[in-house]
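Structure file data39.cif (mmCIF, C-alpha atoms and all ligand atoms) is printed below.
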```cif
data_model
#
loop_
_atom_site.label_atom_id
_atom_site.label_comp_id
_atom_site.auth_asym_id
_atom_site.auth_seq_id
_atom_site.Cartn_x
_atom_site.Cartn_y
_atom_site.Cartn_z
CA MET E 1 -1.82 2.65 -18.45
CA LEU E 2 -0.04 5.90 -19.26
CA VAL E 3 2.75 6.62 -16.74
CA THR E 4 4.12 10.17 -16.83
CA GLY E 5 7.67 10.63 -15.54
CA GLY E 6 8.24 6.87 -15.72
CA ALA E 7 12.00 7.25 -16.32
CA GLY E 8 12.54 8.99 -12.97
CA PHE E 9 13.08 7.43 -9.55
CA ILE E 10 9.58 6.52 -8.38
CA GLY E 11 8.21 6.13 -11.92
CA THR E 12 10.89 3.55 -12.80
CA ASN E 13 10.18 1.57 -9.64
CA PHE E 14 6.41 1.83 -10.22
CA VAL E 15 6.68 0.57 -13.82
CA ARG E 16 8.80 -2.40 -12.70
CA TYR E 17 6.48 -3.11 -9.77
CA THR E 18 3.45 -3.01 -12.08
CA LEU E 19 5.00 -5.38 -14.62
CA GLU E 20 5.79 -7.84 -11.83
CA HIS E 21 2.62 -7.63 -9.73
CA HIS E 22 -0.06 -6.41 -12.17
CA PRO E 23 0.92 -7.90 -15.54
CA ASN E 24 -2.56 -7.24 -16.95
CA TYR E 25 -1.55 -3.63 -17.66
CA ARG E 26 0.05 -2.58 -20.95
CA ILE E 27 2.24 0.40 -20.11
CA THR E 28 3.19 3.51 -22.06
CA VAL E 29 5.72 5.81 -20.40
CA VAL E 30 5.96 9.45 -21.40
CA ASP E 31 9.00 11.27 -20.06
CA LYS E 32 10.84 14.42 -21.12
CA LEU E 33 14.16 12.91 -19.98
CA THR E 34 15.31 15.91 -17.98
CA TYR E 35 18.53 15.52 -15.97
CA ALA E 36 16.42 13.38 -13.57
CA GLY E 37 15.11 10.89 -16.13
CA ASN E 38 17.11 8.07 -17.68
CA LYS E 39 15.79 5.87 -20.46
CA LYS E 40 18.28 3.16 -19.50
CA ASN E 41 16.29 2.63 -16.27
CA LEU E 42 13.59 0.98 -18.41
CA GLU E 43 15.89 -0.97 -20.75
CA GLY E 44 14.65 -4.44 -21.62
CA LEU E 45 11.16 -3.91 -20.19
CA ASP E 46 8.06 -4.77 -22.20
CA ILE E 47 6.66 -1.22 -22.40
CA GLU E 48 6.25 1.56 -24.94
CA PHE E 49 8.47 4.59 -24.30
CA ILE E 50 7.77 8.06 -25.65
CA GLN E 51 10.07 10.98 -25.07
CA GLY E 52 7.82 14.00 -24.61
CA ASP E 53 6.83 16.91 -22.43
CA ILE E 54 3.62 16.87 -20.39
CA CYS E 55 3.25 20.58 -21.28
CA ASP E 56 2.72 19.54 -24.94
CA SER E 57 -1.09 19.63 -25.15
CA ALA E 58 -1.38 17.88 -28.54
CA LEU E 59 0.84 15.00 -27.40
CA MET E 60 -1.01 14.67 -24.09
CA ASP E 61 -4.33 14.63 -25.94
CA GLU E 62 -3.14 11.77 -28.14
CA LEU E 63 -1.56 9.70 -25.34
CA VAL E 64 -4.35 10.20 -22.82
CA GLY E 65 -6.90 9.41 -25.55
CA ASN E 66 -5.19 6.03 -26.06
CA ALA E 67 -5.07 5.15 -22.35
CA GLU E 68 -7.54 3.68 -19.89
CA CYS E 69 -5.81 5.24 -16.92
CA VAL E 70 -3.06 7.76 -16.25
CA VAL E 71 -0.67 7.71 -13.29
CA HIS E 72 1.00 11.10 -13.08
CA PHE E 73 4.52 11.12 -11.58
CA ALA E 74 6.24 13.65 -13.89
CA ALA E 75 7.50 16.64 -11.94
CA GLU E 76 10.50 18.72 -11.06
CA SER E 77 11.11 17.11 -7.69
CA HIS E 78 14.15 18.54 -5.88
CA ASN E 79 13.70 21.26 -3.27
CA ASP E 80 17.29 22.53 -3.50
CA ASN E 81 16.93 23.05 -7.27
CA SER E 82 13.68 24.95 -6.76
CA LEU E 83 15.57 27.41 -4.56
CA CYS E 84 18.06 28.10 -7.40
CA ASP E 85 15.55 28.34 -10.28
CA PRO E 86 11.82 27.88 -9.63
CA SER E 87 10.75 28.39 -13.24
CA PRO E 88 10.79 24.76 -14.51
CA PHE E 89 8.84 23.83 -11.36
CA VAL E 90 6.01 26.22 -12.25
CA GLN E 91 6.08 25.03 -15.86
CA THR E 92 6.11 21.26 -15.35
CA ASN E 93 4.31 20.88 -12.03
CA ILE E 94 1.51 23.37 -12.67
CA VAL E 95 1.22 23.93 -16.44
CA GLY E 96 2.05 20.28 -17.25
CA THR E 97 -0.56 18.98 -14.80
CA PHE E 98 -3.08 21.43 -16.28
CA GLN E 99 -2.45 20.06 -19.80
CA LEU E 100 -2.93 16.49 -18.57
CA LEU E 101 -6.14 17.40 -16.76
CA GLU E 102 -7.56 19.01 -19.87
CA ALA E 103 -6.82 15.86 -21.87
CA VAL E 104 -8.36 13.73 -19.10
CA ARG E 105 -11.46 15.96 -19.16
CA ARG E 106 -11.83 15.52 -22.93
CA HIS E 107 -11.38 11.74 -22.85
CA GLY E 108 -12.96 10.83 -19.47
CA VAL E 109 -9.97 8.71 -18.49
CA ARG E 110 -9.17 7.52 -14.92
CA PHE E 111 -6.45 9.76 -13.47
CA HIS E 112 -4.24 9.31 -10.41
CA HIS E 113 -2.17 12.27 -9.25
CA ILE E 114 1.03 11.65 -7.29
CA SER E 115 1.50 14.35 -4.70
CA THR E 116 3.67 14.79 -1.63
CA ASP E 117 3.59 15.36 2.14
CA GLU E 118 5.27 18.72 1.54
CA VAL E 119 2.03 20.35 0.40
CA PHE E 120 1.08 20.50 4.11
CA GLY E 121 4.20 22.48 5.03
CA ASP E 122 6.05 21.27 8.13
CA LEU E 123 5.50 20.53 11.81
CA ALA E 124 7.66 21.82 14.67
CA LEU E 125 10.23 19.25 15.85
CA ASP E 126 8.44 18.88 19.20
CA ASP E 127 4.96 18.67 17.65
CA PRO E 128 3.70 15.05 17.87
CA ALA E 129 0.90 15.73 15.32
CA ARG E 130 0.76 13.93 11.97
CA PHE E 131 -0.64 15.12 8.64
CA THR E 132 -4.05 13.75 7.70
CA GLU E 133 -6.18 14.15 4.57
CA ASP E 134 -7.85 17.14 6.31
CA THR E 135 -4.66 19.05 7.17
CA PRO E 136 -4.73 22.52 5.52
CA TYR E 137 -2.23 23.17 2.73
CA ARG E 138 0.72 25.35 3.81
CA PRO E 139 3.64 24.70 1.41
CA SER E 140 6.94 26.42 2.12
CA SER E 141 9.30 25.98 -0.87
CA PRO E 142 8.83 26.75 -4.57
CA TYR E 143 8.78 22.98 -5.14
CA SER E 144 6.07 22.26 -2.59
CA ALA E 145 4.07 25.34 -3.62
CA THR E 146 3.93 24.11 -7.22
CA LYS E 147 2.96 20.60 -6.08
CA ALA E 148 0.20 22.16 -3.93
CA GLY E 149 -0.88 24.18 -6.98
CA SER E 150 -1.15 20.99 -9.03
CA ASP E 151 -3.23 19.32 -6.28
CA HIS E 152 -5.61 22.27 -6.26
CA LEU E 153 -6.03 21.95 -10.03
CA VAL E 154 -6.81 18.23 -9.73
CA ARG E 155 -9.38 18.86 -6.99
CA ALA E 156 -10.99 21.67 -8.99
CA TRP E 157 -11.22 19.46 -12.10
CA ILE E 158 -12.84 16.72 -9.97
CA ARG E 159 -15.39 19.11 -8.45
CA SER E 160 -16.10 21.32 -11.48
CA PHE E 161 -15.81 18.83 -14.34
CA GLY E 162 -16.35 15.50 -12.59
CA ILE E 163 -13.15 13.89 -13.86
CA PRO E 164 -12.65 10.36 -12.42
CA ALA E 165 -9.54 11.10 -10.37
CA THR E 166 -7.80 10.32 -7.07
CA LEU E 167 -4.77 11.87 -5.35
CA SER E 168 -2.15 10.55 -2.95
CA GLN E 169 0.29 12.40 -0.71
CA CYS E 170 3.29 10.23 0.13
CA SER E 171 6.25 10.92 2.42
CA ASN E 172 9.98 10.76 1.47
CA ASN E 173 10.77 7.70 -0.65
CA TYR E 174 14.05 5.79 -0.78
CA GLY E 175 15.24 2.81 -2.80
CA PRO E 176 16.99 1.99 -6.09
CA TRP E 177 17.16 4.39 -9.07
CA GLN E 178 16.92 7.52 -6.92
CA HIS E 179 18.90 10.45 -8.29
CA ILE E 180 22.11 11.10 -6.37
CA GLU E 181 21.15 14.71 -5.66
CA LYS E 182 18.76 13.35 -2.98
CA PHE E 183 19.77 12.78 0.66
CA ILE E 184 20.13 8.99 0.96
CA PRO E 185 21.77 8.15 -2.41
CA ARG E 186 24.02 11.20 -2.10
CA GLN E 187 25.47 9.88 1.17
CA ILE E 188 25.79 6.28 -0.06
CA THR E 189 27.62 7.35 -3.23
CA ASN E 190 29.77 9.82 -1.28
CA ILE E 191 31.02 6.94 0.85
CA LEU E 192 31.53 4.74 -2.22
CA CYS E 193 33.66 7.56 -3.72
CA GLY E 194 35.66 8.17 -0.52
CA LEU E 195 33.90 11.52 0.10
CA THR E 196 32.55 12.54 3.51
CA PRO E 197 28.74 12.34 3.89
CA LYS E 198 27.10 15.77 4.23
CA LEU E 199 24.43 16.65 6.78
CA TYR E 200 22.55 19.97 6.45
CA GLY E 201 22.46 22.18 9.55
CA THR E 202 22.37 20.07 12.70
CA GLY E 203 20.43 17.17 11.17
CA GLU E 204 17.52 17.33 13.62
CA GLN E 205 14.96 17.40 10.81
CA VAL E 206 12.58 14.45 10.49
CA ARG E 207 11.43 12.83 7.24
CA ASP E 208 8.87 10.00 7.43
CA TRP E 209 10.86 7.62 5.14
CA ILE E 210 9.06 4.97 3.12
CA HIS E 211 10.50 2.35 0.79
CA VAL E 212 9.51 3.07 -2.81
CA ASP E 213 7.93 -0.42 -3.27
CA ASP E 214 5.52 0.34 -0.45
CA HIS E 215 4.56 3.53 -2.31
CA SER E 216 3.96 1.57 -5.55
CA ALA E 217 1.77 -0.96 -3.73
CA ALA E 218 -0.27 1.88 -2.21
CA VAL E 219 -0.85 3.49 -5.61
CA HIS E 220 -2.14 0.16 -6.95
CA ALA E 221 -4.47 -0.19 -3.95
CA ILE E 222 -5.90 3.23 -4.84
CA LEU E 223 -6.21 2.36 -8.55
CA ASP E 224 -7.98 -0.91 -7.68
CA ARG E 225 -10.15 0.07 -4.74
CA GLY E 226 -9.84 3.83 -4.10
CA ARG E 227 -12.94 6.02 -4.07
CA LEU E 228 -13.05 8.53 -6.93
CA GLY E 229 -12.54 12.12 -5.85
CA GLU E 230 -10.64 11.13 -2.69
CA SER E 231 -7.11 11.84 -1.43
CA TYR E 232 -5.05 9.23 0.41
CA ILE E 233 -2.06 9.84 2.68
CA ILE E 234 0.72 7.23 2.33
CA GLY E 235 3.31 6.74 5.08
CA ALA E 236 5.19 3.96 6.90
CA ASP E 237 5.44 5.34 10.47
CA ASN E 238 9.11 6.29 10.34
CA ASP E 239 8.56 9.75 11.84
CA HIS E 240 10.81 8.96 14.81
CA VAL E 241 13.98 8.91 12.64
CA ASN E 242 15.82 12.21 12.10
CA ASN E 243 18.39 12.97 9.37
CA ARG E 244 21.29 12.53 11.80
CA ARG E 245 20.10 9.03 12.66
CA VAL E 246 19.72 8.12 8.96
CA ILE E 247 23.20 9.35 8.03
CA SER E 248 24.73 7.56 11.05
CA LEU E 249 22.97 4.35 10.06
CA ILE E 250 24.29 4.63 6.49
CA CYS E 251 27.82 5.21 7.85
CA GLU E 252 27.55 2.17 10.13
CA LEU E 253 26.08 -0.08 7.44
CA MET E 254 28.94 0.92 5.14
CA GLY E 255 31.65 0.14 7.69
CA LEU E 256 32.35 3.65 9.00
CA GLY E 257 31.92 5.06 12.51
CA PRO E 258 28.48 6.53 13.28
CA ASP E 259 29.92 10.10 13.29
CA ALA E 260 31.86 9.87 10.03
CA PHE E 261 29.89 12.72 8.42
CA GLU E 262 30.31 16.51 8.31
CA LEU E 263 27.85 19.32 8.96
CA VAL E 264 27.36 21.68 6.01
CA ALA E 265 25.32 24.81 5.26
CA ASP E 266 21.63 24.38 6.03
CA ARG E 267 18.91 24.54 3.37
CA PRO E 268 17.21 27.98 3.40
CA GLY E 269 13.66 27.68 4.75
CA HIS E 270 14.36 24.01 5.67
CA ASP E 271 11.13 22.17 6.57
CA GLN E 272 11.56 20.69 10.06
CA ARG E 273 9.31 17.69 10.45
CA TYR E 274 7.00 15.64 8.24
CA ALA E 275 4.82 12.92 9.78
CA MET E 276 2.03 11.00 8.10
CA ASP E 277 -1.17 9.50 9.47
CA SER E 278 -2.03 6.83 6.91
CA THR E 279 -5.04 5.42 8.81
CA LYS E 280 -7.45 6.09 5.91
CA ILE E 281 -5.66 4.03 3.25
CA ARG E 282 -4.95 1.23 5.76
CA ARG E 283 -8.57 1.01 6.96
CA GLU E 284 -10.39 1.64 3.67
CA LEU E 285 -8.12 -0.14 1.22
CA GLY E 286 -6.31 -2.64 3.42
CA TRP E 287 -2.86 -1.38 2.40
CA GLU E 288 0.07 -1.95 4.77
CA PRO E 289 3.73 -1.05 4.26
CA ARG E 290 6.14 -3.99 4.25
CA TYR E 291 9.17 -2.06 5.56
CA THR E 292 7.68 -1.13 8.93
CA ASP E 293 9.37 -2.59 11.96
CA ARG E 294 10.21 0.43 14.12
CA ASP E 295 13.78 -0.62 14.86
CA THR E 296 14.90 -2.53 11.82
CA GLY E 297 12.50 -1.53 9.02
CA MET E 298 14.69 1.23 7.73
CA ARG E 299 17.84 -0.77 8.36
CA ALA E 300 16.64 -3.58 6.06
CA GLY E 301 15.54 -1.13 3.36
CA LEU E 302 18.77 0.83 3.60
CA GLU E 303 20.93 -2.31 3.42
CA ALA E 304 19.22 -3.33 0.20
CA THR E 305 19.53 0.20 -1.19
CA ILE E 306 23.24 0.40 -0.36
CA ALA E 307 23.81 -2.96 -2.07
CA TRP E 308 21.96 -1.67 -5.16
CA TYR E 309 24.14 1.46 -5.44
CA ARG E 310 27.28 -0.65 -4.99
CA GLU E 311 26.19 -2.88 -7.87
CA HIS E 312 24.93 -0.11 -10.17
CA GLU E 313 27.83 2.29 -10.44
CA ASP E 314 26.97 2.84 -14.11
CA PHE E 315 23.70 4.49 -12.96
CA TRP E 316 25.31 7.18 -10.81
CA ARG E 317 29.03 7.50 -11.52
CA PRO E 318 28.80 9.65 -14.70
CA GLU E 319 26.95 12.42 -12.82
CA LYS E 320 28.64 12.26 -9.44
CA GLU E 321 31.28 14.91 -10.05
CA SER E 322 28.91 17.51 -11.49
CA VAL E 323 26.30 16.97 -8.74
CA GLU E 324 28.94 17.38 -6.02
CA SER E 325 30.50 20.44 -7.63
CA ALA E 326 27.05 22.15 -7.75
CA TYR E 327 26.59 21.38 -4.04
CA ALA E 328 30.12 22.57 -3.23
CA LYS E 329 29.38 25.98 -4.80
CA ARG E 330 26.52 26.35 -2.30
CA GLY E 331 28.68 25.31 0.67
CA GLN E 332 26.89 22.00 0.89
P1 LIG E 401 12.38 12.40 -10.27
O1 LIG E 401 12.88 13.81 -10.33
O2 LIG E 401 13.32 11.30 -9.95
O3 LIG E 401 11.65 12.02 -11.63
C1 LIG E 401 10.83 12.91 -12.33
C2 LIG E 401 10.68 12.41 -13.77
O4 LIG E 401 9.79 13.32 -14.46
C3 LIG E 401 11.99 12.39 -14.56
O5 LIG E 401 12.09 11.18 -15.28
C4 LIG E 401 11.86 13.57 -15.50
O6 LIG E 401 12.57 13.38 -16.73
C5 LIG E 401 10.36 13.61 -15.73
N1 LIG E 401 9.89 14.96 -16.12
C6 LIG E 401 10.22 16.15 -15.57
N2 LIG E 401 9.61 17.15 -16.23
C7 LIG E 401 8.85 16.57 -17.22
C8 LIG E 401 7.98 17.07 -18.21
N3 LIG E 401 7.76 18.39 -18.35
N4 LIG E 401 7.37 16.19 -19.04
C9 LIG E 401 7.59 14.85 -18.91
N5 LIG E 401 8.42 14.33 -18.00
C10 LIG E 401 9.05 15.17 -17.15
O7 LIG E 401 11.18 12.45 -9.21
P2 LIG E 401 10.65 11.31 -8.23
O8 LIG E 401 11.36 11.42 -6.94
O9 LIG E 401 10.58 10.04 -8.95
O10 LIG E 401 9.16 11.86 -7.97
C11 LIG E 401 8.08 11.43 -8.80
C12 LIG E 401 6.80 12.07 -8.29
O11 LIG E 401 6.56 11.69 -6.94
C13 LIG E 401 6.81 13.60 -8.29
O12 LIG E 401 5.54 14.06 -8.66
C14 LIG E 401 7.11 13.96 -6.84
O13 LIG E 401 6.57 15.22 -6.50
C15 LIG E 401 6.39 12.84 -6.12
N6 LIG E 401 6.90 12.47 -4.79
C16 LIG E 401 8.23 12.19 -4.62
C17 LIG E 401 8.69 11.79 -3.37
C18 LIG E 401 10.14 11.43 -3.15
O14 LIG E 401 10.52 11.19 -2.02
N7 LIG E 401 10.98 11.36 -4.18
C19 LIG E 401 7.79 11.69 -2.32
C20 LIG E 401 6.44 12.00 -2.51
C21 LIG E 401 6.02 12.38 -3.77
O1 LIG E 402 23.07 16.28 1.24
C1 LIG E 402 22.00 16.43 1.87
N1 LIG E 402 22.06 16.52 3.23
C2 LIG E 402 20.95 16.68 4.01
O2 LIG E 402 21.05 16.77 5.24
C3 LIG E 402 20.71 16.49 1.22
C4 LIG E 402 20.62 16.38 -0.28
C5 LIG E 402 19.59 16.63 2.02
N2 LIG E 402 19.71 16.73 3.36
C6 LIG E 402 18.47 16.82 4.19
C7 LIG E 402 17.41 17.79 3.72
C8 LIG E 402 16.13 17.11 4.14
O3 LIG E 402 15.84 17.41 5.49
O4 LIG E 402 17.86 15.52 4.09
C9 LIG E 402 16.43 15.63 4.04
C10 LIG E 402 15.93 14.99 2.76
O5 LIG E 402 16.33 15.81 1.68
P1 LIG E 402 15.91 15.48 0.16
O6 LIG E 402 16.37 14.11 -0.19
O7 LIG E 402 16.35 16.62 -0.68
O8 LIG E 402 14.33 15.38 0.28
P2 LIG E 402 13.19 16.45 0.71
O9 LIG E 402 13.61 17.84 0.49
O10 LIG E 402 12.72 16.05 2.09
O11 LIG E 402 12.03 16.10 -0.38
C11 LIG E 402 11.78 14.73 -0.77
O12 LIG E 402 10.61 14.23 -0.17
C12 LIG E 402 9.38 14.77 -0.57
C13 LIG E 402 11.67 14.61 -2.29
O13 LIG E 402 12.85 15.12 -2.89
C14 LIG E 402 10.45 15.34 -2.78
O14 LIG E 402 10.31 15.14 -4.18
C15 LIG E 402 9.23 14.76 -2.09
O15 LIG E 402 8.09 15.49 -2.43
#
```
Please express the file's structure as structure tokens.
Amino acid sequence: MLVTGGAGFIGTNFVRYTLEHHPNYRITVVDKLTYAGNKKNLEGLDIEFIQGDICDSALMDELVGNAECVVHFAAESHNDNSLCDPSPFVQTNIVGTFQLLEAVRRHGVRFHHISTDEVFGDLALDDPARFTEDTPYRPSSPYSATKAGSDHLVRAWIRSFGIPATLSQCSNNYGPWQHIEKFIPRQITNILCGLTPKLYGTGEQVRDWIHVDDHSAAVHAILDRGRLGESYIIGADNDHVNNRRVISLICELMGLGPDAFELVADRPGHDQRYAMDSTKIRRELGWEPRYTDRDTGMRAGLEATIAWYREHEDFWRPEKESVESAYAKRGQ
């Protein structure tokens, strides 16, 4: 199995999950090691690691040619960064995916493309609808537009060239090894550093949070039993929890009052609500998230995540100051 972007947040968790639950795979990770990737995340694991760029067509040809399947996580992944400089997003998310698809076409290898809920755009806060596999694409940020572009390429390569591929669109992930630029680890590490947690705008926005291990399990269900050519939505029914509730819960779990956060400048073009209808993957493939209970599911996942960041200061401390000073320049 070739895992692209395996030194990032979800890739690291997926590699570890695979080694534990599917030890029949031999894993090669290819990762450019951008600011978001860290080779130390994979230290001590029985895998092959190659530092490389998915835009490098010769390297992708060689690695894909040696694999039986490819799971494609590598991407520029942070919305706020895409608002400052979209160019690496176009390069990696679109051109990089194109290079992988061409290699997959040459070698006829099984390909799974990791996409996101954001390709569907957003819902109004009072809209009870959920995204399904048939929801039209309507991305709103440079990040989500480039992810939508990569999905379109995958679908075109399936239809035009018959590559053996599947796609999945998952909602917001949380868990260990997530970069501290992202919402949940940023607030946890702020509190650990004695800084005030920062909520964009009024915090009414809704993200359908899912624990990263549930995402990994869903990807394996698709690899094992998914129908070629199909897309699968992955979500854990957390679309009743807004950002304000999440930040309050983190404050409480870390011994602060529920209002111990500050409101900061909103994200331009901020998507309001994501909500996922994951009926298809549950019915067809029998996948179920483990972190689901409507009242305590996120609490249990957050408690474990907070404990992980407490115990792994070496993962985040070296970058904390520079991440916060970049946010401070933007009033966030
Ligand atoms: P991340 O930013 O933590 O990790 C991305 C990894 O890709 C890093 O290790 C980075 O070094 C590597 N990378 C970047 N450009 C590369 C290139 N040109 N060549 C090779 N490697 C490169 O991202 P993440 O949160 O782990 O997201 C992984 C995937 O899951 C992305 O495709 C993202 O769109 C998707 N996704 C993320 C979420 C989420 O909540 N984080 C939700 C749904 C889908
Ligand atoms: O400090 C913050 N305060 C805050 O209120 C940050 C960093 C974010 N936010 C808000 C913005 C969003 O409404 O929290 C929400 C989550 O923000 P991010 O962690 O930046 O995630 P989001 O923009 O929703 O995108 C994430 O989910 C979909 C991932 O980063 C994407 O890669 C994935 O595709």
Go through range 109-152 of chain E and flag each residue having an atom no more than 10 Å from range 78-98 of chain E; for those, report the closest pair of atoms plus their distance in Å to one decimal, using only C-alpha atoms, ordered by chain and rising number, as a tab-separated table.
```
residue	atom	partner	partner_atom	distance
E:His113	CA	E:Thr97	CA	8.9
E:Ser141	CA	E:Asn79	CA	6.9
E:Pro142	CA	E:Ser82	CA	5.6
E:Tyr143	CA	E:Ser82	CA	5.5
E:Ser144	CA	E:Asn79	CA	7.7
E:Ala145	CA	E:Val90	CA	8.9
E:Thr146	CA	E:Asn93	CA	5.8
E:Lys147	CA	E:Asn93	CA	6.1
E:Ala148	CA	E:Ile94	CA	8.9
E:Gly149	CA	E:Ile94	CA	6.2
E:Ser150	CA	E:Ile94	CA	5.1
E:Asp151	CA	E:Ile94	CA	8.9
E:His152	CA	E:Ile94	CA	9.6
```
>> One number please: CA of Leu228 in chain E to CA of His107 in chain E, in Å, one decimal.
In response: 16.3 Å
> Looking at all atoms listed in the file, which of E:Gly44, E:Pro128, E:Gly6, E:Pro23 is the one that sits closest to Val71 in chain E?
Replying inline: E:Gly6
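From atom C6 of ligand LIG 401 (chain E) back to CA of Thr305 in chain E, the distance works out to 23.4 Å.
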> Given the choices E:Ile210, E:Val264, E:Leu223, E:Arg310, which gets closest to Thr196 in chain E if the distance is worked out from all atoms listed in the file?
Replying inline: E:Val264
> Counting all atoms listed in the file, which protein, DNA or RNA residues come within 6 Å of ligand LIG 401 (chain E), given as a ChimeraX atom specification?
Replying inline: /E:5-11,31-34,36-37,52-55,73-77,92,114-116,170-173,179
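The residue that comes closest to Leu42 in chain E, out of E:Phe131, E:Phe111, E:Trp177, E:Trp308 and on the basis of all atoms listed in the file, is E:Trp177.
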>> Could you tell me how far CA of Glu181 in chain E sits from CA of Asn41 in chain E, in Å to one decimal place?
In response: 16.8 Å
> At a cut-off of 12 Å from (-12.7, 16.7, -11.2) in the coordinates of the file, what residues are picked up using only C-alpha atoms, written as a PyMOL selection string?
Replying inline: chain E and resi 98+101-102+104-106+108-113+151-167+228-230
Could you turn the residues from that selection into a file that holds C-alpha atoms, as a PDB file, in the coordinates of the input?
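Below you can see result.pdb, which holds the result:
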```
ATOM      1  CA  PHE E  98      -3.080  21.430 -16.280  1.00  0.00           C
ATOM      2  CA  LEU E 101      -6.140  17.400 -16.760  1.00  0.00           C
ATOM      3  CA  GLU E 102      -7.560  19.010 -19.870  1.00  0.00           C
ATOM      4  CA  VAL E 104      -8.360  13.730 -19.100  1.00  0.00           C
ATOM      5  CA  ARG E 105     -11.460  15.960 -19.160  1.00  0.00           C
ATOM      6  CA  ARG E 106     -11.830  15.520 -22.930  1.00  0.00           C
ATOM      7  CA  GLY E 108     -12.960  10.830 -19.470  1.00  0.00           C
ATOM      8  CA  VAL E 109      -9.970   8.710 -18.490  1.00  0.00           C
ATOM      9  CA  ARG E 110      -9.170   7.520 -14.920  1.00  0.00           C
ATOM     10  CA  PHE E 111      -6.450   9.760 -13.470  1.00  0.00           C
ATOM     11  CA  HIS E 112      -4.240   9.310 -10.410  1.00  0.00           C
ATOM     12  CA  HIS E 113      -2.170  12.270  -9.250  1.00  0.00           C
ATOM     13  CA  ASP E 151      -3.230  19.320  -6.280  1.00  0.00           C
ATOM     14  CA  HIS E 152      -5.610  22.270  -6.260  1.00  0.00           C
ATOM     15  CA  LEU E 153      -6.030  21.950 -10.030  1.00  0.00           C
ATOM     16  CA  VAL E 154      -6.810  18.230  -9.730  1.00  0.00           C
ATOM     17  CA  ARG E 155      -9.380  18.860  -6.990  1.00  0.00           C
ATOM     18  CA  ALA E 156     -10.990  21.670  -8.990  1.00  0.00           C
ATOM     19  CA  TRP E 157     -11.220  19.460 -12.100  1.00  0.00           C
ATOM     20  CA  ILE E 158     -12.840  16.720  -9.970  1.00  0.00           C
ATOM     21  CA  ARG E 159     -15.390  19.110  -8.450  1.00  0.00           C
ATOM     22  CA  SER E 160     -16.100  21.320 -11.480  1.00  0.00           C
ATOM     23  CA  PHE E 161     -15.810  18.830 -14.340  1.00  0.00           C
ATOM     24  CA  GLY E 162     -16.350  15.500 -12.590  1.00  0.00           C
ATOM     25  CA  ILE E 163     -13.150  13.890 -13.860  1.00  0.00           C
ATOM     26  CA  PRO E 164     -12.650  10.360 -12.420  1.00  0.00           C
ATOM     27  CA  ALA E 165      -9.540  11.100 -10.370  1.00  0.00           C
ATOM     28  CA  THR E 166      -7.800  10.320  -7.070  1.00  0.00           C
ATOM     29  CA  LEU E 167      -4.770  11.870  -5.350  1.00  0.00           C
ATOM     30  CA  LEU E 228     -13.050   8.530  -6.930  1.00  0.00           C
ATOM     31  CA  GLY E 229     -12.540  12.120  -5.850  1.00  0.00           C
ATOM     32  CA  GLU E 230     -10.640  11.130  -2.690  1.00  0.00           C
TER      33      GLU E 230
END
```
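With all atoms listed in the file as the basis for measurement, E:Tyr200 is the residue among E:Trp316, E:Tyr200, E:Tyr327, E:Tyr291 that approaches ligand LIG 402 (chain E) most closely.
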Using the file's own x, y and z axes, so that the box edges lie along x, y and z, what centre and edge lengths in Å (one decimal) does a box around every listed atom of ligand LIG 402 (chain E) get when 4 Å is added on each side? Give it as JSON.
```
{"center_x": 15.6, "center_y": 16.0, "center_z": 0.7, "size_x": 23.0, "size_y": 11.7, "size_z": 17.7}
```
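The smallest atom-to-atom distance between ligand LIG 402 (chain E) and any of E:Gln272, E:Ser322, E:Thr4, E:Ser278, using all atoms listed in the file, is found for E:Gln272.
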> Nearest to Asp127 in chain E: which of E:Val206, E:Arg26, E:Lys40, E:Ala260 is it, counting only C-alpha atoms?
Replying inline: E:Val206
